[in-house]
file target-v3.cif (mmCIF, C-alpha atoms and all ligand atoms)
data_target
loop_
_atom_site.group_PDB
_atom_site.id
_atom_site.type_symbol
_atom_site.label_atom_id
_atom_site.label_comp_id
_atom_site.auth_asym_id
_atom_site.auth_seq_id
_atom_site.Cartn_x
_atom_site.Cartn_y
_atom_site.Cartn_z
ATOM 1 C CA MET M 1 33.470 -4.453 -54.621
ATOM 2 C CA GLN M 2 31.146 -7.414 -54.117
ATOM 3 C CA LEU M 3 31.545 -10.344 -51.787
ATOM 4 C CA ARG M 4 30.330 -13.743 -52.965
ATOM 5 C CA LEU M 5 29.463 -16.458 -50.464
ATOM 6 C CA ILE M 6 29.637 -19.868 -52.094
ATOM 7 C CA PRO M 7 28.640 -22.792 -49.869
ATOM 8 C CA LEU M 8 30.793 -25.780 -50.837
ATOM 9 C CA GLY M 9 29.516 -28.089 -48.088
ATOM 10 C CA THR M 10 26.568 -27.497 -45.757
ATOM 11 C CA SER M 11 26.184 -30.767 -43.854
ATOM 12 C CA ALA M 12 26.991 -31.496 -40.214
ATOM 13 C CA GLY M 13 29.164 -34.423 -39.192
ATOM 14 C CA ARG M 14 29.410 -36.201 -42.529
ATOM 15 C CA PRO M 15 28.816 -35.542 -46.202
ATOM 16 C CA THR M 16 25.547 -36.733 -47.735
ATOM 17 C CA LEU M 17 24.524 -36.992 -51.390
ATOM 18 C CA ALA M 18 22.854 -33.576 -51.119
ATOM 19 C CA ARG M 19 25.294 -31.773 -48.841
ATOM 20 C CA GLY M 20 29.082 -31.918 -48.565
ATOM 21 C CA ALA M 21 31.043 -31.547 -45.307
ATOM 22 C CA SER M 22 31.600 -27.994 -44.022
ATOM 23 C CA ALA M 23 33.259 -25.532 -46.396
ATOM 24 C CA LEU M 24 32.418 -22.021 -47.564
ATOM 25 C CA ALA M 25 34.234 -19.891 -50.130
ATOM 26 C CA VAL M 26 34.272 -16.118 -49.587
ATOM 27 C CA ALA M 27 35.275 -14.550 -52.888
ATOM 28 C CA SER M 28 35.871 -11.077 -54.300
ATOM 29 C CA GLU M 29 37.359 -9.936 -57.597
ATOM 30 C CA SER M 30 40.822 -10.182 -56.062
ATOM 31 C CA GLY M 31 40.744 -13.782 -54.864
ATOM 32 C CA TRP M 32 39.071 -15.957 -52.259
ATOM 33 C CA VAL M 33 39.417 -17.527 -48.849
ATOM 34 C CA LEU M 34 38.054 -20.868 -47.738
ATOM 35 C CA CYS M 35 36.285 -21.146 -44.380
ATOM 36 C CA ASP M 36 36.670 -24.749 -43.201
ATOM 37 C CA CYS M 37 37.799 -27.526 -45.482
ATOM 38 C CA GLY M 38 35.647 -30.598 -45.027
ATOM 39 C CA GLU M 39 36.137 -33.682 -47.163
ATOM 40 C CA GLY M 40 35.398 -32.921 -50.818
ATOM 41 C CA ALA M 41 35.894 -29.146 -50.544
ATOM 42 C CA GLN M 42 38.484 -28.946 -53.334
ATOM 43 C CA LEU M 43 36.217 -30.737 -55.806
ATOM 44 C CA ALA M 44 33.247 -28.589 -54.786
ATOM 45 C CA ALA M 45 35.390 -25.468 -55.291
ATOM 46 C CA GLN M 46 36.265 -26.538 -58.814
ATOM 47 C CA ARG M 47 32.626 -27.348 -59.529
ATOM 48 C CA ALA M 48 31.769 -23.805 -58.398
ATOM 49 C CA GLY M 49 34.226 -22.413 -60.939
ATOM 50 C CA LEU M 50 36.717 -21.177 -58.356
ATOM 51 C CA SER M 51 40.351 -21.207 -59.400
ATOM 52 C CA LEU M 52 42.376 -23.093 -56.783
ATOM 53 C CA SER M 53 45.461 -21.062 -57.650
ATOM 54 C CA ARG M 54 43.708 -17.840 -56.566
ATOM 55 C CA ILE M 55 43.028 -18.994 -53.004
ATOM 56 C CA ASP M 56 44.614 -16.647 -50.432
ATOM 57 C CA ALA M 57 43.995 -18.543 -47.205
ATOM 58 C CA VAL M 58 42.222 -21.413 -45.496
ATOM 59 C CA LEU M 59 40.534 -20.622 -42.182
ATOM 60 C CA ILE M 60 39.875 -23.725 -40.096
ATOM 61 C CA THR M 61 37.451 -23.352 -37.181
ATOM 62 C CA HIS M 62 38.354 -26.539 -35.310
ATOM 63 C CA LEU M 63 39.898 -29.927 -35.878
ATOM 64 C CA HIS M 64 36.779 -32.106 -36.027
ATOM 65 C CA GLY M 65 37.035 -34.151 -39.203
ATOM 66 C CA ASP M 66 34.001 -32.650 -40.937
ATOM 67 C CA HIS M 67 35.799 -29.265 -40.937
ATOM 68 C CA PHE M 68 39.367 -30.428 -41.533
ATOM 69 C CA ASN M 69 39.586 -33.664 -43.525
ATOM 70 C CA GLY M 70 39.656 -31.951 -46.911
ATOM 71 C CA LEU M 71 42.711 -29.851 -46.059
ATOM 72 C CA PRO M 72 45.473 -32.449 -46.658
ATOM 73 C CA GLY M 73 44.024 -33.142 -50.107
ATOM 74 C CA LEU M 74 43.722 -29.465 -51.003
ATOM 75 C CA LEU M 75 47.303 -28.744 -49.916
ATOM 76 C CA GLY M 76 48.531 -31.682 -51.988
ATOM 77 C CA THR M 77 46.718 -30.425 -55.076
ATOM 78 C CA LEU M 78 48.159 -26.921 -54.691
ATOM 79 C CA GLY M 79 51.609 -28.513 -54.336
ATOM 80 C CA LEU M 80 51.084 -30.580 -57.492
ATOM 81 C CA GLU M 81 49.950 -27.459 -59.355
ATOM 82 C CA GLY M 82 53.399 -26.044 -58.605
ATOM 83 C CA ARG M 83 52.229 -23.153 -56.482
ATOM 84 C CA THR M 84 55.097 -21.218 -54.937
ATOM 85 C CA ARG M 85 53.034 -18.371 -53.415
ATOM 86 C CA PRO M 86 52.771 -18.977 -49.665
ATOM 87 C CA LEU M 87 49.388 -20.126 -48.356
ATOM 88 C CA VAL M 88 48.104 -18.958 -44.982
ATOM 89 C CA VAL M 89 46.285 -21.644 -43.014
ATOM 90 C CA ALA M 90 44.726 -20.346 -39.799
ATOM 91 C CA GLY M 91 43.239 -22.611 -37.188
ATOM 92 C CA PRO M 92 43.182 -23.706 -33.568
ATOM 93 C CA PRO M 93 46.215 -24.788 -31.537
ATOM 94 C CA GLY M 94 47.418 -28.224 -32.614
ATOM 95 C CA LEU M 95 46.961 -27.532 -36.335
ATOM 96 C CA ALA M 96 50.670 -26.962 -37.027
ATOM 97 C CA ARG M 97 51.713 -30.175 -35.309
ATOM 98 C CA LEU M 98 49.022 -32.151 -37.110
ATOM 99 C CA LEU M 99 50.129 -30.839 -40.520
ATOM 100 C CA ARG M 100 53.792 -31.489 -39.659
ATOM 101 C CA THR M 101 52.953 -35.099 -38.805
ATOM 102 C CA LEU M 102 51.116 -35.544 -42.101
ATOM 103 C CA GLU M 103 53.987 -33.901 -43.989
ATOM 104 C CA ARG M 104 56.560 -36.200 -42.378
ATOM 105 C CA ALA M 105 54.453 -39.226 -43.267
ATOM 106 C CA GLY M 106 54.425 -38.088 -46.880
ATOM 107 C CA SER M 107 50.675 -37.370 -46.891
ATOM 108 C CA LEU M 108 50.741 -33.710 -47.914
ATOM 109 C CA GLY M 109 53.020 -33.199 -50.889
ATOM 110 C CA THR M 110 53.021 -29.418 -50.693
ATOM 111 C CA GLY M 111 56.142 -29.239 -52.883
ATOM 112 C CA ALA M 112 57.578 -25.738 -53.168
ATOM 113 C CA MET M 113 54.561 -24.049 -51.569
ATOM 114 C CA PRO M 114 55.274 -22.573 -48.122
ATOM 115 C CA VAL M 115 52.352 -23.204 -45.756
ATOM 116 C CA ASN M 116 52.167 -20.509 -43.090
ATOM 117 C CA VAL M 117 50.176 -21.985 -40.254
ATOM 118 C CA ILE M 118 48.801 -19.338 -37.898
ATOM 119 C CA GLU M 119 47.405 -20.880 -34.725
ATOM 120 C CA GLN M 120 44.806 -18.818 -32.891
ATOM 121 C CA ARG M 121 45.210 -18.301 -29.156
ATOM 122 C CA GLY M 122 43.059 -17.022 -26.316
ATOM 123 C CA ALA M 123 40.315 -14.711 -27.522
ATOM 124 C CA GLY M 124 41.687 -14.691 -31.110
ATOM 125 C CA GLY M 125 42.807 -11.660 -33.097
ATOM 126 C CA ALA M 126 44.010 -10.467 -36.484
ATOM 127 C CA VAL M 127 45.056 -13.057 -39.077
ATOM 128 C CA THR M 128 47.532 -11.386 -41.455
ATOM 129 C CA ILE M 129 47.447 -12.653 -45.033
ATOM 130 C CA PRO M 130 50.326 -11.037 -46.972
ATOM 131 C CA GLY M 131 49.337 -9.899 -50.456
ATOM 132 C CA SER M 132 45.613 -10.413 -49.900
ATOM 133 C CA ARG M 133 42.925 -7.746 -49.893
ATOM 134 C CA PHE M 134 40.954 -9.660 -47.271
ATOM 135 C CA LEU M 135 41.103 -8.467 -43.683
ATOM 136 C CA VAL M 136 40.559 -11.410 -41.366
ATOM 137 C CA THR M 137 40.103 -11.598 -37.609
ATOM 138 C CA SER M 138 39.270 -14.573 -35.440
ATOM 139 C CA GLY M 139 37.237 -14.907 -32.265
ATOM 140 C CA ALA M 140 36.830 -17.785 -29.818
ATOM 141 C CA LEU M 141 33.593 -19.794 -30.009
ATOM 142 C CA VAL M 142 32.229 -22.409 -27.594
ATOM 143 C CA HIS M 143 32.221 -26.019 -28.837
ATOM 144 C CA ARG M 144 33.367 -29.385 -27.483
ATOM 145 C CA ILE M 145 36.961 -28.640 -28.500
ATOM 146 C CA GLU M 146 38.852 -25.378 -29.029
ATOM 147 C CA THR M 147 37.133 -23.504 -31.860
ATOM 148 C CA TYR M 148 37.513 -20.126 -33.587
ATOM 149 C CA GLY M 149 35.116 -18.262 -35.821
ATOM 150 C CA TYR M 150 36.289 -15.705 -38.379
ATOM 151 C CA ARG M 151 35.313 -12.308 -39.704
ATOM 152 C CA VAL M 152 36.310 -11.714 -43.321
ATOM 153 C CA ALA M 153 36.158 -8.117 -44.575
ATOM 154 C CA LEU M 154 37.177 -5.988 -47.513
ATOM 155 C CA PRO M 155 39.044 -2.727 -46.826
ATOM 156 C CA ASP M 156 37.095 0.481 -46.292
ATOM 157 C CA ARG M 157 36.729 2.599 -49.420
ATOM 158 C CA ALA M 158 37.160 6.349 -49.796
ATOM 159 C CA GLY M 159 33.932 8.338 -49.829
ATOM 160 C CA ALA M 160 32.307 9.473 -53.087
ATOM 161 C CA LEU M 161 33.880 12.567 -54.666
ATOM 162 C CA ASP M 162 31.673 15.614 -55.255
ATOM 163 C CA VAL M 163 33.004 16.137 -58.792
ATOM 164 C CA ALA M 164 30.715 19.071 -59.617
ATOM 165 C CA GLY M 165 31.731 20.867 -56.418
ATOM 166 C CA ALA M 166 35.424 20.307 -57.079
ATOM 167 C CA LEU M 167 35.114 21.602 -60.658
ATOM 168 C CA ARG M 168 33.254 24.678 -59.392
ATOM 169 C CA ALA M 169 36.086 25.310 -56.932
ATOM 170 C CA GLY M 170 38.490 25.397 -59.869
ATOM 171 C CA VAL M 171 39.990 21.892 -59.750
ATOM 172 C CA PRO M 172 40.671 21.039 -63.393
ATOM 173 C CA SER M 173 39.239 17.756 -64.636
ATOM 174 C CA GLY M 174 41.961 15.142 -65.035
ATOM 175 C CA PRO M 175 44.624 13.721 -62.719
ATOM 176 C CA LEU M 176 44.058 16.229 -59.880
ATOM 177 C CA LEU M 177 40.471 15.006 -59.484
ATOM 178 C CA GLY M 178 41.842 11.467 -59.275
ATOM 179 C CA GLU M 179 44.233 12.533 -56.525
ATOM 180 C CA LEU M 180 41.394 14.060 -54.504
ATOM 181 C CA LYS M 181 39.299 10.922 -55.021
ATOM 182 C CA ALA M 182 42.172 8.852 -53.651
ATOM 183 C CA GLY M 183 42.165 11.014 -50.518
ATOM 184 C CA ARG M 184 45.271 13.100 -51.264
ATOM 185 C CA ALA M 185 45.538 16.901 -51.074
ATOM 186 C CA VAL M 186 46.328 18.706 -54.354
ATOM 187 C CA THR M 187 47.851 22.053 -55.289
ATOM 188 C CA LEU M 188 46.079 23.884 -58.108
ATOM 189 C CA PRO M 189 47.946 25.698 -60.934
ATOM 190 C CA ASP M 190 47.117 29.006 -59.178
ATOM 191 C CA GLY M 191 48.852 27.802 -56.021
ATOM 192 C CA ARG M 192 45.765 27.073 -53.903
ATOM 193 C CA ARG M 193 45.883 23.898 -51.872
ATOM 194 C CA ILE M 194 42.718 21.779 -51.736
ATOM 195 C CA GLU M 195 42.172 19.218 -48.976
ATOM 196 C CA PRO M 196 40.315 16.029 -50.024
ATOM 197 C CA ALA M 197 37.919 16.307 -47.077
ATOM 198 C CA GLU M 198 36.342 19.382 -48.715
ATOM 199 C CA PHE M 199 34.856 17.246 -51.503
ATOM 200 C CA LEU M 200 34.933 13.642 -50.284
ATOM 201 C CA GLY M 201 31.900 12.015 -48.675
ATOM 202 C CA PRO M 202 32.254 9.793 -45.595
ATOM 203 C CA VAL M 203 34.423 6.666 -45.822
ATOM 204 C CA ARG M 204 32.406 3.663 -47.005
ATOM 205 C CA ARG M 205 32.897 0.655 -44.783
ATOM 206 C CA GLY M 206 34.146 -2.453 -46.587
ATOM 207 C CA LEU M 207 31.781 -5.416 -46.754
ATOM 208 C CA ALA M 208 32.192 -7.911 -43.927
ATOM 209 C CA ILE M 209 30.883 -11.373 -43.143
ATOM 210 C CA ALA M 210 31.213 -13.485 -40.010
ATOM 211 C CA TYR M 211 31.582 -17.259 -39.965
ATOM 212 C CA ALA M 212 30.547 -18.979 -36.729
ATOM 213 C CA LEU M 213 30.645 -22.756 -36.589
ATOM 214 C CA ASP M 214 30.645 -25.023 -34.668
ATOM 215 C CA THR M 215 29.313 -23.422 -31.516
ATOM 216 C CA VAL M 216 26.599 -23.180 -28.914
ATOM 217 C CA PRO M 217 25.003 -19.719 -28.906
ATOM 218 C CA CYS M 218 27.766 -17.525 -27.482
ATOM 219 C CA ALA M 219 28.916 -13.933 -27.010
ATOM 220 C CA GLY M 220 31.951 -14.600 -29.217
ATOM 221 C CA ALA M 221 29.698 -15.115 -32.238
ATOM 222 C CA VAL M 222 27.873 -11.848 -31.486
ATOM 223 C CA GLU M 223 31.198 -9.970 -31.366
ATOM 224 C CA LEU M 224 32.384 -11.469 -34.667
ATOM 225 C CA ALA M 225 29.113 -10.563 -36.380
ATOM 226 C CA ARG M 226 28.766 -7.014 -34.996
ATOM 227 C CA GLY M 227 27.298 -4.906 -37.834
ATOM 228 C CA ALA M 228 28.318 -7.487 -40.456
ATOM 229 C CA ASP M 229 26.667 -7.657 -43.862
ATOM 230 C CA ALA M 230 26.019 -11.351 -43.282
ATOM 231 C CA LEU M 231 26.449 -13.852 -40.498
ATOM 232 C CA VAL M 232 27.068 -17.447 -41.524
ATOM 233 C CA HIS M 233 26.102 -19.500 -38.473
ATOM 234 C CA GLU M 234 25.658 -23.162 -37.810
ATOM 235 C CA ALA M 235 22.123 -24.508 -37.303
ATOM 236 C CA THR M 236 22.661 -28.175 -36.646
ATOM 237 C CA TYR M 237 19.131 -28.879 -35.356
ATOM 238 C CA GLU M 238 15.608 -27.491 -35.354
ATOM 239 C CA HIS M 239 14.600 -25.628 -32.195
ATOM 240 C CA ALA M 240 12.634 -28.548 -30.706
ATOM 241 C CA ARG M 241 15.980 -30.296 -30.231
ATOM 242 C CA ALA M 242 17.765 -27.343 -28.590
ATOM 243 C CA GLU M 243 18.793 -29.431 -25.602
ATOM 244 C CA LEU M 244 20.433 -32.070 -27.786
ATOM 245 C CA ALA M 245 22.109 -29.297 -29.772
ATOM 246 C CA HIS M 246 23.673 -27.815 -26.634
ATOM 247 C CA GLN M 247 24.786 -31.223 -25.321
ATOM 248 C CA ARG M 248 26.710 -31.683 -28.553
ATOM 249 C CA GLY M 249 28.104 -28.151 -28.632
ATOM 250 C CA HIS M 250 25.737 -26.887 -31.325
ATOM 251 C CA SER M 251 22.971 -24.337 -31.953
ATOM 252 C CA THR M 252 19.511 -24.254 -33.495
ATOM 253 C CA GLY M 253 18.482 -21.954 -36.320
ATOM 254 C CA VAL M 254 16.336 -19.861 -33.968
ATOM 255 C CA GLU M 255 19.332 -19.334 -31.680
ATOM 256 C CA ALA M 256 21.534 -18.386 -34.622
ATOM 257 C CA ALA M 257 18.937 -15.806 -35.627
ATOM 258 C CA ARG M 258 18.923 -14.326 -32.128
ATOM 259 C CA ILE M 259 22.732 -14.031 -32.337
ATOM 260 C CA ALA M 260 22.447 -12.274 -35.720
ATOM 261 C CA ALA M 261 19.773 -9.904 -34.401
ATOM 262 C CA GLU M 262 21.791 -9.050 -31.285
ATOM 263 C CA ALA M 263 24.853 -8.366 -33.454
ATOM 264 C CA GLY M 264 22.889 -6.175 -35.863
ATOM 265 C CA ALA M 265 23.937 -8.350 -38.823
ATOM 266 C CA ALA M 266 22.094 -7.528 -42.045
ATOM 267 C CA MET M 267 21.225 -11.137 -42.831
ATOM 268 C CA LEU M 268 21.773 -14.716 -41.722
ATOM 269 C CA LEU M 269 22.977 -17.664 -43.772
ATOM 270 C CA LEU M 270 22.326 -20.933 -41.950
ATOM 271 C CA THR M 271 24.495 -23.964 -42.608
ATOM 272 C CA HIS M 272 25.877 -27.151 -40.965
ATOM 273 C CA PHE M 273 22.545 -28.988 -41.012
ATOM 274 C CA SER M 274 22.315 -32.410 -39.414
ATOM 275 C CA PRO M 275 21.378 -34.970 -42.080
ATOM 276 C CA SER M 276 18.243 -35.520 -39.942
ATOM 277 C CA VAL M 277 16.861 -31.974 -40.388
ATOM 278 C CA ASP M 278 15.226 -30.054 -43.210
ATOM 279 C CA GLY M 279 17.307 -26.888 -43.683
ATOM 280 C CA GLU M 280 14.409 -24.920 -45.162
ATOM 281 C CA ARG M 281 12.266 -25.644 -42.109
ATOM 282 C CA VAL M 282 15.066 -24.591 -39.785
ATOM 283 C CA ALA M 283 15.416 -21.318 -41.711
ATOM 284 C CA ASP M 284 11.651 -20.804 -41.569
ATOM 285 C CA GLU M 285 11.650 -21.120 -37.773
ATOM 286 C CA ALA M 286 14.537 -18.675 -37.523
ATOM 287 C CA ARG M 287 12.806 -16.155 -39.786
ATOM 288 C CA LYS M 288 9.548 -16.326 -37.812
ATOM 289 C CA ALA M 289 11.338 -15.941 -34.484
ATOM 290 C CA THR M 290 13.213 -12.768 -35.431
ATOM 291 C CA GLY M 291 11.878 -11.266 -38.661
ATOM 292 C CA LEU M 292 15.440 -11.304 -40.022
ATOM 293 C CA ARG M 293 16.371 -12.152 -43.581
ATOM 294 C CA VAL M 294 17.379 -15.813 -43.225
ATOM 295 C CA VAL M 295 18.626 -18.105 -45.982
ATOM 296 C CA ALA M 296 19.227 -21.850 -45.673
ATOM 297 C CA ALA M 297 22.567 -22.530 -47.353
ATOM 298 C CA ALA M 298 22.563 -25.121 -50.122
ATOM 299 C CA ASP M 299 25.689 -26.525 -51.762
ATOM 300 C CA GLN M 300 26.732 -24.517 -54.818
ATOM 301 C CA VAL M 301 23.963 -21.922 -54.383
ATOM 302 C CA GLU M 302 25.805 -18.638 -54.309
ATOM 303 C CA LEU M 303 24.807 -15.554 -52.345
ATOM 304 C CA SER M 304 26.108 -12.162 -53.485
ATOM 305 C CA ILE M 305 26.553 -9.289 -51.093
ATOM 306 C CA ALA M 306 26.854 -5.832 -52.615
ATOM 307 C CA PRO M 307 27.450 -2.493 -50.863
HETATM 308 ZN ZN ZN M 401 30.885 -29.841 -37.499
#

call {"tool": "encode", "arguments": {"input": "target-v3.cif", "output": "structure tokens"}}
result
Amino acid sequence: MQLRLIPLGTSAGRPTLARGASALAVASESGWVLCDCGEGAQLAAQRAGLSLSRIDAVLITHLHGDHFNGLPGLLGTLGLEGRTRPLVVAGPPGLARLLRTLERAGSLGTGAMPVNVIEQRGAGGAVTIPGSRFLVTSGALVHRIETYGYRVALPDRAGALDVAGALRAGVPSGPLLGELKAGRAVTLPDGRRIEPAEFLGPVRRGLAIAYALDTVPCAGAVELARGADALVHEATYEHARAELAHQRGHSTGVEAARIAAEAGAAMLLLTHFSPSVDGERVADEARKATGLRVVAAADQVELSIAP
């Protein structure tokens, strides 16, 4: 199964004509999750051809407006659409109270849709999304306010079945092969029992991406991105302004690339560009510093990750 990364907003601080406020869709055949929900995210999602009704969860990193302000509008739209399937909204402490206040003021209009707010605490942990194929965990990042990054993964898949070997061993083609492929032992017509491990290759790890913004370079981002197929990391400024970046709780593209390299991530998608920087130049610096595959995110430019 593929994972699609669809940047819906790649600007820092405020939307511009070229870049919306922070939002990234992570989609598979089974549905999608939204990482951050800056202003305009729901329109950008529709422009990208994503079906709002198929969203499984919203993962908010922190409560700065450029990551949160689109959420009330998105919840209201889902309510108007008549959704009754619960929606998981994960985020930092304070999120539940904020949404309750908006609800009481009549600003949300979630109708019959239950909103299950899951506030992250301490170092973070598993975020359970009932009915979703996505496996999500959070990890604490280091920003000016409490912030959590997320790792979004698909489940591991059974190893490839050695069909020829199984047939040679006398397993008849048909449903018994399917059972073995699914990892279950079978009993042959002659009474022999065959264990799946005899003909199944090693388990194939499900695709995984990490989402780390906003943050200074930190160990938490490395942990989230350990061995991931892609790290999505903020790169608010070019490296010449590293000091300013740190003062404001941010990173440069070069620093993001060092995090990705340390974590052994397969590639790096940079986002959250200050309106004052050229994203392509920031990605160039990061690439030269580490030799990693680095892509500068652009709104609506999708990146596919295949096994
Ligand atoms: Zn931000």

call {"tool": "residues_around", "arguments": {"input": "target-v3.cif", "residues": "Ala265 of chain M", "least_positions_apart": "6", "cutoff": "8 Å", "atoms": "only C-alpha atoms", "output": "list in words"}}
result
Ala225, Arg226, Gly227, Ala228, Asp229, Ala230 and Leu231 of chain M

call {"tool": "residues_near_ligand", "arguments": {"input": "target-v3.cif", "ligand": "ligand ZN 401 (chain M)", "cutoff": "6 Å", "atoms": "all atoms listed in the file", "output": "PyMOL selection string"}}
result
chain M and resi 12-13+66+214

call {"tool": "residues_around", "arguments": {"input": "target-v3.cif", "residues": "segment 177-194 of chain M", "least_positions_apart": "5", "cutoff": "12 Å", "atoms": "all atoms listed in the file", "output": "PyMOL selection string"}}
result
chain M and resi 157-167+169-172+199-203

call {"tool": "closest_residue", "arguments": {"input": "target-v3.cif", "among": "M:Leu80, M:Ala283, M:Val301, M:Ala23", "to": "Cys35 of chain M", "atoms": "all atoms listed in the file"}}
result
M:Ala23

call {"tool": "closest_residue", "arguments": {"input": "target-v3.cif", "among": "M:Ser30, M:Thr290, M:Ser53, M:Ser304", "to": "Thr84 of chain M", "atoms": "all atoms listed in the file"}}
result
M:Ser53

call {"tool": "residues_around", "arguments": {"input": "target-v3.cif", "residues": "segment 119-133 of chain M", "least_positions_apart": "5", "cutoff": "6 Å", "atoms": "all atoms listed in the file", "output": "PyMOL selection string"}}
result
chain M and resi 90-93+138-140

call {"tool": "atom_distance", "arguments": {"input": "target-v3.cif", "atom1": "atom CA of Leu141 of chain M", "atom2": "atom CA of Ala306 of chain M"}}
result
27.4 Å

call {"tool": "closest_atom_pairs", "arguments": {"input": "target-v3.cif", "of": "segment 182-281 of chain M", "to": "segment 54-64 of chain M", "cutoff": "10 Å", "atoms": "only C-alpha atoms", "output": "CSV"}}
result
residue,atom,partner,partner_atom,distance
M:Tyr211,CA,M:Thr61,CA,8.9
M:Ala212,CA,M:Thr61,CA,8.2
M:Leu213,CA,M:Thr61,CA,6.9
M:Asp214,CA,M:Thr61,CA,7.4
M:Thr215,CA,M:Thr61,CA,9.9

call {"tool": "residues_around", "arguments": {"input": "target-v3.cif", "residues": "Ala18 of chain M", "least_positions_apart": "5", "cutoff": "10 Å", "atoms": "only C-alpha atoms", "output": "PyMOL selection string"}}
result
chain M and resi 9-11+275+298-299
